[in-house]
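Asker: Would you mind keeping the following structure in view while I ask a few things?
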Amino acid sequence: MEESILNNKRILAVDDEPDILEVLKEEILSDAPNCVFDTATSYEKASELLATWTYDLAILDIMGVRGFDLLKMATSRPFPIPVVMLTAHALSPESLKQSIEMGARAYLPKERLGAVVPFLKDVMTYEYGAAWRHALKQVEGFFNKSWGPYWKKPDEAFWKAFDERIASERK
């Protein structure tokens, strides 16, 4: 069996729901037992960890822990941390767009938590555009079902430019 790209990485997961953090820990450590997996249930604890450690990857809930503020902290470092946004309550085209604009590398609905490992592997394997192509391919049907087939219409110019950007970037 091929070693996971997540092995020997330091990952931070932030969510105000401890059961979500436990599921993330189980999913990730079952794939990458040598991964260092840190968790935080508050903005304060997460910002302290971000200031203390260098992470290879961060998984941030949007609601309850000021996820967008943490995203800004993670992506504005001299060596930005790749971030996957995770949400249930802020699941909307607007928060997806904001995640993209602020530099997140993927956006995962909590309903798809069982698919977190492939998302994380894509983020660690591919450059920005390819990672987003893979991520969106995995959740596009879910978004269409949740938001309707025309969810990109209100921000059509943004989505057209974003689609062109990620299509032009190689691996």
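Identifiers in the structure tokens: chain A, B, ... in order shown; residue index from 1 per chain; ligand index from 1 in order shown.
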Can you pull out every residue within 8 Å of range 136-148 of chain A, counting only C-alpha atoms, but drop anything in the same chain fewer than 4 positions away, and send it as a list in words?
Answerer: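 The filter keeps Ser92, Pro93, Ala106, Leu108 and Trp132 of chain A.
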Asker: Could you make a table, as a Markdown table, of the residues of range 88-117 of chain A that have an atom within 12 Å of an atom of range 71-79 of chain A, each with its nearest atom pair and distance in Å to one decimal, counting only C-alpha atoms, in chain and number order?
Answerer:
| residue | atom | partner | partner_atom | distance |
| --- | --- | --- | --- | --- |
| A:Gln98 | CA | A:Leu71 | CA | 10.4 |
| A:Ser99 | CA | A:Leu71 | CA | 8.1 |
| A:Ile100 | CA | A:Leu71 | CA | 10.5 |
| A:Glu101 | CA | A:Lys72 | CA | 10.4 |
| A:Met102 | CA | A:Lys72 | CA | 6.7 |
| A:Gly103 | CA | A:Thr75 | CA | 6.4 |
| A:Ala104 | CA | A:Leu71 | CA | 7.1 |
| A:Arg105 | CA | A:Thr75 | CA | 10.1 |
| A:Ala106 | CA | A:Leu71 | CA | 11.7 |
| A:Tyr107 | CA | A:Leu71 | CA | 11.9 |
Asker: Which residues of range 18-103 of chain A come within 9 Å of range 112-120 of chain A, and what is each one's closest atom pair and distance in Å (one decimal), counting only C-alpha atoms, sorted by chain and residue number, as JSON lines?
Answerer:
{"residue": "A:Ile20", "atom": "CA", "partner": "A:Leu113", "partner_atom": "CA", "distance": 8.5}
{"residue": "A:Val23", "atom": "CA", "partner": "A:Leu113", "partner_atom": "CA", "distance": 7.9}
{"residue": "A:Leu24", "atom": "CA", "partner": "A:Leu113", "partner_atom": "CA", "distance": 7.5}
{"residue": "A:Glu27", "atom": "CA", "partner": "A:Val117", "partner_atom": "CA", "distance": 6.8}
{"residue": "A:Ile28", "atom": "CA", "partner": "A:Val117", "partner_atom": "CA", "distance": 6.1}
{"residue": "A:Asp31", "atom": "CA", "partner": "A:Val117", "partner_atom": "CA", "distance": 7.5}
{"residue": "A:Leu57", "atom": "CA", "partner": "A:Leu120", "partner_atom": "CA", "distance": 8.2}
{"residue": "A:Ile59", "atom": "CA", "partner": "A:Leu120", "partner_atom": "CA", "distance": 8.9}
{"residue": "A:Val84", "atom": "CA", "partner": "A:Leu120", "partner_atom": "CA", "distance": 7.5}
{"residue": "A:Leu86", "atom": "CA", "partner": "A:Leu113", "partner_atom": "CA", "distance": 8.6}
Asker: As a PyMOL selection string, please: every residue in chain A that a backbone DSSP assignment puts in alpha helix (DSSP H).
Answerer: chain A and resi 18-31+43-52+67-75+93-101+116-125+128-147+156-168
Asker: Please measure the separation of CA of Tyr126 in chain A and CA of Phe37 in chain A, giving the value in Å to one decimal.
Answerer: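 Pair CA of Tyr126 in chain A / CA of Phe37 in chain A returns 21.2 Å.
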